[in-house]
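Asker: Data: upload.txt, compact mmCIF, C-alpha atoms.
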```
# COMPACT_ATOMS: atom_id res chain seq x y z
CA MET A 1 0.00 0.00 0.00
CA MET A 2 2.84 2.35 0.89
CA ASP A 3 4.49 1.57 -2.45
CA GLY A 4 1.28 2.55 -4.22
CA LEU A 5 1.10 5.84 -2.32
CA SER A 6 4.76 6.52 -3.07
CA GLU A 7 4.16 5.94 -6.79
CA LYS A 8 1.17 8.31 -6.77
CA ALA A 9 3.19 10.96 -4.92
CA ALA A 10 6.03 10.58 -7.42
CA GLY A 11 3.54 10.89 -10.27
CA LEU A 12 2.13 14.14 -8.82
CA ARG A 13 5.65 15.53 -8.29
CA SER A 14 6.51 14.80 -11.91
CA LEU A 15 3.24 16.41 -13.05
CA PHE A 16 3.82 19.63 -11.06
CA SER A 17 7.49 20.06 -11.83
CA TYR A 18 9.82 22.87 -12.85
CA SER A 19 10.61 20.97 -16.04
CA ASN A 20 6.97 21.00 -17.18
CA LEU A 21 6.74 24.72 -16.45
CA VAL A 22 9.81 25.37 -18.63
CA HIS A 23 8.27 23.38 -21.50
CA ALA A 24 4.96 25.28 -21.13
CA ILE A 25 6.66 28.70 -21.11
CA SER A 26 8.87 27.73 -24.07
CA GLY A 27 5.87 26.46 -26.07
CA ALA A 28 3.85 29.60 -25.33
CA THR A 29 6.80 31.86 -26.26
CA GLY A 30 7.41 30.01 -29.51
CA SER A 31 3.75 30.18 -30.53
CA VAL A 32 3.44 33.92 -29.80
CA ILE A 33 6.54 34.82 -31.85
CA ALA A 34 5.61 32.49 -34.71
CA ILE A 35 1.98 33.65 -35.05
CA SER A 36 3.08 37.31 -34.90
CA VAL A 37 5.44 36.75 -37.85
CA PHE A 38 2.85 34.96 -40.02
CA TYR A 39 -0.35 36.61 -38.74
CA PRO A 40 -1.51 38.10 -42.10
CA LEU A 41 -1.79 34.56 -43.51
CA ASP A 42 -4.05 33.58 -40.60
CA THR A 43 -6.26 36.60 -41.36
CA VAL A 44 -6.65 35.41 -44.97
CA ARG A 45 -7.52 31.89 -43.79
CA THR A 46 -10.26 33.12 -41.42
CA ARG A 47 -11.82 35.40 -44.04
CA LEU A 48 -11.97 32.62 -46.63
CA GLN A 49 -13.49 30.15 -44.16
CA VAL A 50 -16.34 32.40 -42.97
CA ASP A 51 -16.95 34.69 -45.97
CA ASP A 52 -19.09 32.78 -48.50
CA HIS A 53 -18.84 35.41 -51.23
CA ARG A 54 -15.14 36.17 -51.15
CA CYS A 55 -13.50 34.46 -54.12
CA ALA A 56 -9.83 34.66 -55.04
CA LYS A 57 -7.26 32.84 -57.11
CA ASN A 58 -4.72 32.48 -54.33
CA THR A 59 -3.69 33.54 -50.84
CA PHE A 60 -1.71 36.61 -51.91
CA HIS A 61 -4.60 37.82 -54.09
CA VAL A 62 -6.86 37.82 -51.00
CA LEU A 63 -4.13 39.49 -48.95
CA ARG A 64 -3.86 42.29 -51.52
CA GLU A 65 -7.65 42.55 -51.64
CA ILE A 66 -7.90 43.02 -47.86
CA ILE A 67 -5.14 45.67 -47.85
CA GLN A 68 -6.86 47.57 -50.68
CA GLU A 69 -10.26 47.50 -48.92
CA GLU A 70 -9.18 48.02 -45.30
CA GLY A 71 -5.58 49.19 -45.34
CA LEU A 72 -2.54 47.43 -43.86
CA GLU A 73 -4.17 47.31 -40.42
CA GLY A 74 -6.87 45.06 -41.93
CA VAL A 75 -4.50 42.08 -42.06
CA TYR A 76 -3.65 42.59 -38.38
CA LEU A 77 -7.22 42.89 -37.09
CA GLY A 78 -7.57 41.04 -33.79
CA TRP A 79 -3.81 40.42 -33.39
CA PHE A 80 -3.77 40.97 -29.62
CA PRO A 81 -6.67 38.61 -28.75
CA VAL A 82 -5.15 35.94 -31.03
CA VAL A 83 -1.77 36.23 -29.29
CA THR A 84 -3.43 36.19 -25.86
CA ALA A 85 -5.57 33.13 -26.67
CA LEU A 86 -2.68 31.31 -28.34
CA CYS A 87 -0.31 32.01 -25.45
CA CYS A 88 -2.82 30.63 -22.91
CA SER A 89 -3.74 27.73 -25.20
CA ASN A 90 -0.17 26.59 -25.83
CA PHE A 91 0.80 27.01 -22.17
CA VAL A 92 -2.05 24.67 -21.19
CA TYR A 93 -1.26 22.25 -24.01
CA PHE A 94 2.51 21.99 -23.51
CA TYR A 95 2.18 21.79 -19.71
CA THR A 96 -0.44 19.03 -19.93
CA TYR A 97 1.46 17.09 -22.61
CA ASN A 98 4.85 17.21 -20.88
CA GLY A 99 3.26 16.62 -17.48
CA MET A 100 1.62 13.44 -18.77
CA LYS A 101 4.82 12.46 -20.55
CA SER A 102 6.91 12.69 -17.38
CA ALA A 103 4.22 11.09 -15.19
CA ILE A 104 3.12 8.24 -17.48
CA VAL A 105 6.09 7.43 -19.70
CA GLY A 106 8.65 8.12 -16.97
CA LYS A 107 12.36 7.53 -17.11
CA HIS A 108 12.34 3.77 -17.60
CA LYS A 109 9.52 3.32 -20.12
CA LYS A 110 10.15 3.62 -23.82
CA ALA A 111 8.17 6.28 -25.68
CA SER A 112 6.12 5.16 -28.70
CA PRO A 113 4.04 6.81 -31.44
CA LEU A 114 0.83 5.42 -29.87
CA ALA A 115 1.75 6.87 -26.46
CA ASP A 116 2.57 10.22 -28.10
CA LEU A 117 -0.78 10.18 -29.95
CA SER A 118 -2.77 9.35 -26.80
CA MET A 119 -1.08 11.97 -24.61
CA ALA A 120 -1.31 14.63 -27.32
CA PHE A 121 -5.03 13.92 -27.85
CA ILE A 122 -5.85 14.11 -24.11
CA SER A 123 -3.82 17.33 -23.85
CA GLY A 124 -5.80 18.71 -26.78
CA VAL A 125 -9.13 17.87 -25.12
CA VAL A 126 -8.04 19.59 -21.87
CA ASN A 127 -6.90 22.60 -23.88
CA VAL A 128 -10.21 22.83 -25.80
CA LEU A 129 -12.38 22.66 -22.68
CA VAL A 130 -10.31 25.31 -20.88
CA THR A 131 -9.60 27.82 -23.67
CA THR A 132 -12.53 27.65 -26.17
CA PRO A 133 -14.19 30.86 -24.80
CA LEU A 134 -10.97 32.73 -25.58
CA TRP A 135 -10.99 31.44 -29.16
CA VAL A 136 -14.68 32.32 -29.66
CA ALA A 137 -13.93 35.88 -28.50
CA ASN A 138 -10.81 35.87 -30.66
CA THR A 139 -12.77 34.98 -33.82
CA ARG A 140 -15.38 37.71 -33.13
CA LEU A 141 -12.69 40.34 -32.50
CA LYS A 142 -10.75 39.27 -35.56
CA LEU A 143 -13.79 39.75 -37.81
CA GLN A 144 -14.87 43.02 -36.15
CA GLY A 145 -14.40 45.80 -38.64
CA ALA A 146 -13.72 43.35 -41.45
CA LYS A 147 -15.52 44.02 -44.74
CA LEU A 148 -17.19 40.65 -45.17
CA HIS A 149 -18.95 39.94 -48.45
CA THR A 150 -21.38 37.62 -46.64
CA ALA A 151 -24.79 39.25 -46.16
CA HIS A 152 -25.45 40.49 -42.63
CA TYR A 153 -29.10 39.76 -42.94
CA ASN A 154 -30.72 36.65 -44.31
CA LYS A 155 -34.48 36.50 -44.72
CA LYS A 156 -34.60 32.90 -43.62
CA ASP A 157 -32.19 33.21 -40.67
CA GLY A 158 -33.14 36.69 -39.51
CA PRO A 159 -30.71 39.34 -38.26
CA ASN A 160 -27.68 38.11 -36.36
CA LYS A 161 -26.86 39.81 -33.06
CA SER A 162 -23.13 39.13 -33.38
CA GLN A 163 -22.96 41.41 -36.45
CA TYR A 164 -24.14 44.46 -34.48
CA CYS A 165 -22.07 44.06 -31.29
CA ARG A 166 -18.94 46.15 -30.83
CA TYR A 167 -16.32 44.58 -28.59
CA LYS A 168 -13.61 46.48 -26.71
CA GLY A 169 -11.50 43.43 -25.90
CA ILE A 170 -11.56 39.76 -24.91
CA VAL A 171 -13.28 40.26 -21.53
CA ASP A 172 -15.85 42.69 -22.96
CA CYS A 173 -16.53 40.29 -25.84
CA ILE A 174 -17.06 37.31 -23.51
CA LEU A 175 -19.41 39.32 -21.26
CA LYS A 176 -21.46 40.60 -24.21
CA ILE A 177 -21.77 37.10 -25.69
CA ILE A 178 -23.05 35.82 -22.32
CA ARG A 179 -25.59 38.66 -22.05
CA SER A 180 -26.91 38.60 -25.62
CA GLU A 181 -26.43 34.97 -26.71
CA GLY A 182 -26.01 32.91 -23.53
CA VAL A 183 -23.09 31.15 -21.82
CA LYS A 184 -23.43 28.14 -24.14
CA LYS A 185 -22.30 30.31 -27.08
CA LEU A 186 -18.84 30.65 -25.49
CA TRP A 187 -18.26 27.01 -26.31
CA GLY A 188 -19.52 27.36 -29.90
CA GLY A 189 -17.83 24.83 -32.16
CA THR A 190 -16.64 22.75 -29.19
CA VAL A 191 -17.63 19.44 -30.81
CA ALA A 192 -15.57 20.35 -33.87
CA SER A 193 -12.77 21.56 -31.58
CA LEU A 194 -12.76 18.29 -29.62
CA LEU A 195 -12.52 16.34 -32.86
CA LEU A 196 -9.79 18.77 -33.94
CA ALA A 197 -7.79 17.70 -30.89
CA THR A 198 -6.71 14.98 -33.31
CA ASN A 199 -4.83 17.69 -35.24
CA PRO A 200 -2.15 18.43 -32.61
CA ALA A 201 -2.27 14.76 -31.59
CA ILE A 202 -1.30 13.68 -35.13
CA GLN A 203 1.16 16.57 -35.33
CA PHE A 204 2.93 15.65 -32.07
CA MET A 205 2.94 11.94 -32.87
CA ILE A 206 4.65 12.55 -36.23
CA TYR A 207 6.99 15.22 -34.80
CA GLU A 208 8.13 13.13 -31.82
CA ALA A 209 8.60 10.01 -33.98
CA LEU A 210 10.67 11.93 -36.55
CA LYS A 211 12.67 13.67 -33.83
CA ARG A 212 13.56 10.37 -32.13
CA TYR A 213 14.47 8.82 -35.49
CA PHE A 214 16.80 11.61 -36.59
CA LYS A 215 18.45 11.89 -33.17
CA ARG A 216 19.32 8.20 -33.45
CA PHE A 217 20.28 8.58 -37.13
CA PHE A 218 22.71 11.45 -36.47
CA ASN A 219 23.61 10.13 -32.99
CA VAL A 220 23.11 13.55 -31.35
CA ALA A 221 21.37 14.80 -28.20
CA GLU A 222 20.01 17.91 -29.95
CA LEU A 223 19.10 18.49 -33.60
CA SER A 224 19.83 21.71 -35.49
CA GLY A 225 17.33 24.55 -35.76
CA LEU A 226 16.84 23.77 -39.46
CA MET A 227 15.99 20.11 -38.69
CA TYR A 228 13.44 21.15 -36.05
CA PHE A 229 11.94 23.56 -38.60
CA ILE A 230 11.63 20.83 -41.27
CA LEU A 231 10.20 18.24 -38.84
CA GLY A 232 7.68 20.75 -37.48
CA ALA A 233 6.60 21.64 -41.03
CA ILE A 234 6.12 17.99 -42.06
CA ALA A 235 4.16 17.16 -38.90
CA LYS A 236 1.83 20.16 -39.16
CA ALA A 237 1.21 19.75 -42.89
CA SER A 238 0.12 16.14 -42.40
CA ALA A 239 -2.23 17.01 -39.52
CA THR A 240 -3.77 20.02 -41.30
CA VAL A 241 -4.66 18.20 -44.54
CA ILE A 242 -6.38 15.41 -42.58
CA THR A 243 -8.48 17.67 -40.33
CA TYR A 244 -9.12 20.80 -42.45
CA PRO A 245 -12.90 20.37 -43.13
CA LEU A 246 -13.51 20.37 -39.36
CA GLN A 247 -11.53 23.61 -39.04
CA VAL A 248 -13.81 25.30 -41.60
CA VAL A 249 -16.95 24.32 -39.64
CA GLN A 250 -15.27 25.38 -36.37
CA SER A 251 -14.47 28.88 -37.69
CA ARG A 252 -18.01 29.40 -38.98
CA LEU A 253 -19.57 28.33 -35.67
CA ARG A 254 -17.23 30.56 -33.66
CA ALA A 255 -17.95 33.54 -35.92
CA GLY A 256 -21.62 33.17 -34.96
CA TYR A 257 -23.06 34.91 -38.03
CA ALA A 258 -25.16 32.02 -39.28
CA LYS A 259 -28.17 31.29 -37.11
CA VAL A 260 -29.09 28.09 -38.99
CA GLU A 261 -25.57 26.66 -38.72
CA SER A 262 -25.38 27.45 -34.99
CA SER A 263 -28.44 25.29 -34.29
CA GLN A 264 -27.23 22.30 -36.29
CA THR A 265 -25.07 19.32 -35.34
CA LEU A 266 -21.56 18.98 -36.74
CA ARG A 267 -22.74 16.45 -39.35
CA GLN A 268 -25.66 18.70 -40.37
CA ASN A 269 -23.27 21.66 -40.66
CA ILE A 270 -21.01 19.78 -43.05
CA ILE A 271 -23.98 18.66 -45.20
CA HIS A 272 -25.50 22.19 -45.13
CA LEU A 273 -22.20 23.76 -46.19
CA VAL A 274 -21.69 21.30 -49.06
CA LYS A 275 -25.29 21.74 -50.31
CA LYS A 276 -25.04 25.53 -50.08
CA ASN A 277 -21.54 26.13 -51.47
CA GLY A 278 -20.35 22.82 -52.91
CA LEU A 279 -17.73 20.31 -51.78
CA GLY A 280 -14.96 22.82 -52.33
CA ALA A 281 -16.31 24.88 -49.39
CA LEU A 282 -14.89 22.27 -46.98
CA TYR A 283 -11.41 23.10 -48.26
CA LYS A 284 -11.82 26.83 -48.84
CA GLY A 285 -8.79 28.74 -47.58
CA MET A 286 -6.66 25.59 -47.19
CA GLU A 287 -3.84 27.10 -49.24
CA ALA A 288 -3.60 30.02 -46.80
CA LYS A 289 -4.02 27.67 -43.83
CA LEU A 290 -1.28 25.31 -45.01
CA LEU A 291 1.11 28.18 -45.72
CA GLN A 292 0.39 29.89 -42.40
CA THR A 293 0.16 26.84 -40.17
CA ILE A 294 3.23 25.05 -41.59
CA LEU A 295 5.47 28.12 -41.29
CA THR A 296 4.05 29.02 -37.87
CA ALA A 297 4.33 25.49 -36.46
CA ALA A 298 7.83 25.02 -37.88
CA LEU A 299 9.07 28.30 -36.38
CA MET A 300 7.25 27.58 -33.11
CA PHE A 301 8.96 24.19 -32.70
CA VAL A 302 12.39 25.73 -33.37
CA ILE A 303 11.85 28.45 -30.75
CA TYR A 304 10.26 25.97 -28.30
CA GLU A 305 13.17 23.50 -28.51
CA LYS A 306 15.87 26.19 -28.37
CA VAL A 307 14.29 28.22 -25.53
CA ALA A 308 13.67 25.09 -23.44
CA ALA A 309 17.23 23.84 -24.04
CA LEU A 310 18.65 27.28 -23.17
CA ILE A 311 16.70 27.53 -19.90
CA PHE A 312 17.63 24.00 -18.86
CA ARG A 313 21.28 24.69 -19.70
CA LEU A 314 21.32 28.00 -17.77
CA MET A 315 19.73 26.36 -14.74
CA GLY A 316 21.99 23.32 -14.97
CA ILE A 317 19.03 20.94 -15.27
CA ALA A 318 18.93 18.04 -17.71
CA SER A 319 16.05 18.44 -20.18
CA LYS A 320 13.54 15.63 -20.45
```
Rewrite the structure from the file as structure tokens, please.

Answerer:
Amino acid sequence: MMDGLSEKAAGLRSLFSYSNLVHAISGATGSVIAISVFYPLDTVRTRLQVDDHRCAKNTFHVLREIIQEEGLEGVYLGWFPVVTALCCSNFVYFYTYNGMKSAIVGKHKKASPLADLSMAFISGVVNVLVTTPLWVANTRLKLQGAKLHTAHYNKKDGPNKSQYCRYKGIVDCILKIIRSEGVKKLWGGTVASLLLATNPAIQFMIYEALKRYFKRFFNVAELSGLMYFILGAIAKASATVITYPLQVVQSRLRAGYAKVESSQTLRQNIIHLVKKNGLGALYKGMEAKLLQTILTAALMFVIYEKVAALIFRLMGIASK
């Protein structure tokens, strides 16, 4: 019995450790810097996903279109709430993932792709449940002031309250959503988000497997920044292509401009979107998403690995 208690205590100590905090801070730092660098591409992706009537040949055509219509500040609309939400989101994700990794895998158990996938998926679920209200507010703030080509009023759906609200920031946005649309709206698109927890799960599984392989291949303790960049890009590209249709539905539900879509199930949303705009609607904006997410994830992993290694080295602690 005492051995069991000792194991549980050791598990808790490994979960709430300095090492996990370093990984969480490094992951959050990497994500904030990376998204700031490639933010205009994320703006293009959001517009294409939620704006039914915006058509363009490619990502840079849309980018030029937004700048012409709204000025340079148009491509940086909602930057602060995105950075805030992403920082919190990645802190939760990296802390949970590395906490589980140190508590479950431990020092004497061999890591495996299946273990990486399971831990990454659970971390994604925890992250979704904790931070979805921030991402709902983020989507609203990002579209506030945007010149959407989608009609604000639909005879069938009726006027949408979210189109007429003006938000001063994340907290103000959350409070106004609660007052005008109900608390439940803060978790809009949660089902899609929970399914999208497979995205970082697939990403981390591929990344960790490739990282272990190349460390053994080159017989080194740490890979170069370029290798981390390439591995991060490959992992994120694979995960994005597999899960993209869910991301489109998620963005539309978070935007809250379509009353019919908000009342439907995930399956009904997908069918409704295909019937209304064709099969291509499920992949609208994927070019921008792939470009943005691959570059952002690749840069984020480089910064994450290097910052974590630097902190561990400065503190004289072996990284896990």

Asker: Which residues, written as a list in words, have at least one atom at most 6 Å from stretch 61-75 of chain A, with only C-alpha atoms counted and residues fewer than 2 positions away on the same chain left out?

Answerer: Pro40, Thr43, Ala56, Asn58, Thr59 and Leu77 of chain A

Asker: List every protein, DNA or RNA residue that has an atom no more than 7 Å from (-14.5, 25.9, -29.4) in the file's coordinate frame, counting all atoms listed in the file, and report them as a list in words.

Answerer: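 Returned residue set, sorted by chain then number, is Val128, Thr132, Pro133, Trp135, Val136, Trp187, Gly188, Gly189, Thr190, Ser193 and Arg254 of chain A.
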
Asker: Once you have the residues from the selection above, write them out as a PDB file, in the frame of the given file, restricted to C-alpha atoms.

Answerer:
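Listed below is the output, result-v6.pdb:
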```pdb
ATOM      1  CA  VAL A 128     -10.210  22.830 -25.800  1.00  0.00           C
ATOM      2  CA  THR A 132     -12.530  27.650 -26.170  1.00  0.00           C
ATOM      3  CA  PRO A 133     -14.190  30.860 -24.800  1.00  0.00           C
ATOM      4  CA  TRP A 135     -10.990  31.440 -29.160  1.00  0.00           C
ATOM      5  CA  VAL A 136     -14.680  32.320 -29.660  1.00  0.00           C
ATOM      6  CA  TRP A 187     -18.260  27.010 -26.310  1.00  0.00           C
ATOM      7  CA  GLY A 188     -19.520  27.360 -29.900  1.00  0.00           C
ATOM      8  CA  GLY A 189     -17.830  24.830 -32.160  1.00  0.00           C
ATOM      9  CA  THR A 190     -16.640  22.750 -29.190  1.00  0.00           C
ATOM     10  CA  SER A 193     -12.770  21.560 -31.580  1.00  0.00           C
ATOM     11  CA  ARG A 254     -17.230  30.560 -33.660  1.00  0.00           C
TER      12      ARG A 254
END
```

Asker: How far is it from atom CA of A:Ala221 to atom CA of A:Ser89, in Å with one decimal?

Answerer: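 A separation of 28.4 Å between them.
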
Asker: Compare A:Phe204, A:Phe214, A:Tyr244, A:Phe60 by their minimum atom-to-atom distance to A:Ser112, counting all atoms listed in the file, and give me the closest one.

Answerer: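 Closest to A:Ser112, using all atoms listed in the file: A:Phe204.
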
Asker: Closest to A:Tyr18 among A:Ser123, A:Ser224, A:Thr131, A:Asn98, using only C-alpha atoms?

Answerer: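 Smallest separation from A:Tyr18 among the options: A:Asn98.
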
Asker: Applying 8 Å and only C-alpha atoms, which residues near A:Gln49 remain after dropping the ones on its own chain fewer than 6 positions away? List them as a ChimeraX atom specification.

Answerer: /A:248,251-252,281,284-285

Asker: Just the selected residues (C-alpha atoms), exported as an mmCIF file, in the frame of the given file, please.

Answerer:
```cif
data_model
loop_
_atom_site.group_PDB
_atom_site.id
_atom_site.type_symbol
_atom_site.label_atom_id
_atom_site.label_comp_id
_atom_site.auth_asym_id
_atom_site.auth_seq_id
_atom_site.Cartn_x
_atom_site.Cartn_y
_atom_site.Cartn_z
ATOM 1 C CA VAL A 248 -13.810 25.300 -41.600
ATOM 2 C CA SER A 251 -14.470 28.880 -37.690
ATOM 3 C CA ARG A 252 -18.010 29.400 -38.980
ATOM 4 C CA ALA A 281 -16.310 24.880 -49.390
ATOM 5 C CA LYS A 284 -11.820 26.830 -48.840
ATOM 6 C CA GLY A 285 -8.790 28.740 -47.580
#
```

Asker: From the set A:Leu253, A:Ile178, A:Cys173, A:Val22, which residue has the shortest atom-to-atom contact distance to A:Met315, counting all atoms listed in the file?

Answerer: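 Among A:Leu253, A:Ile178, A:Cys173, A:Val22, it is A:Val22 that comes nearest to A:Met315.
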
Asker: Do you have the atom CA of A:Arg313-atom CA of A:Ser19 distance handy?

Answerer: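 For atom CA of A:Arg313 relative to atom CA of A:Ser19, the distance reads 11.9 Å.
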
Asker: To one decimal place in Å, what is the distance between atom CA of A:Phe80 and atom CA of A:Ile177?

Answerer: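 Interatomic distance, atom CA of A:Phe80 to atom CA of A:Ile177: 18.8 Å.
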
Asker: Within 8 Å of A:Gln144, counting only C-alpha atoms, which residues qualify if same-chain residues fewer than 5 places away don't, as a VMD selection string?

Answerer: chain A and resid 77 to 78 166 to 167

Asker: Emit the selected residues as a PDB file, keeping the file's coordinate frame, including C-alpha atoms.

Answerer:
```
ATOM      1  CA  LEU A  77      -7.220  42.890 -37.090  1.00  0.00           C
ATOM      2  CA  GLY A  78      -7.570  41.040 -33.790  1.00  0.00           C
ATOM      3  CA  ARG A 166     -18.940  46.150 -30.830  1.00  0.00           C
ATOM      4  CA  TYR A 167     -16.320  44.580 -28.590  1.00  0.00           C
TER       5      TYR A 167
END
```

Asker: Name the residues in contact with A:Ile294 at a cut-off of 6 Å, using all atoms listed in the file, excluding same-chain residues fewer than 5 positions from it; report them as a list in words.

Answerer: Ala233, Lys236 and Ala237 of chain A

Asker: Smallest atom-to-atom distance to A:Asn277: which of A:Met119, A:Leu291, A:Val50, A:Leu299, using all atoms listed in the file?

Answerer: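 Residue with the minimum atom-to-atom distance to A:Asn277: A:Val50.
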
Asker: Taking (10.4, 19.4, -39.9) in the file's coordinates as the center, which residues reach within 10 Å of it, counting all atoms listed in the file, put as a PyMOL selection string?

Answerer: chain A and resi 206-207+210-211+225-237+294+297-299+301-302

Asker: Quick one: of A:Thr243, A:Gly169, A:Phe217, A:Leu175, who's nearest to A:Ala197, counting all atoms listed in the file?

Answerer: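 Checking each of A:Thr243, A:Gly169, A:Phe217, A:Leu175 against A:Ala197, counting all atoms listed in the file, the winner is A:Thr243.
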
Asker: At a cut-off of 7 Å, using all atoms listed in the file, what residues contact A:Phe91? Leave out same-chain residues fewer than 2 positions from it and give the result as a ChimeraX atom specification.

Answerer: /A:24-25,27-28,87-89,93-95

Asker: Hey, could you pull the box centre and edge lengths for stretch 241-256 of chain A, axis-aligned, 4 Å padding per side, all listed atoms, to one decimal in Å, as JSON?

Answerer:
```
{"center_x": -13.1, "center_y": 24.5, "center_z": -39.1, "size_x": 25.0, "size_y": 26.1, "size_z": 18.9}
```
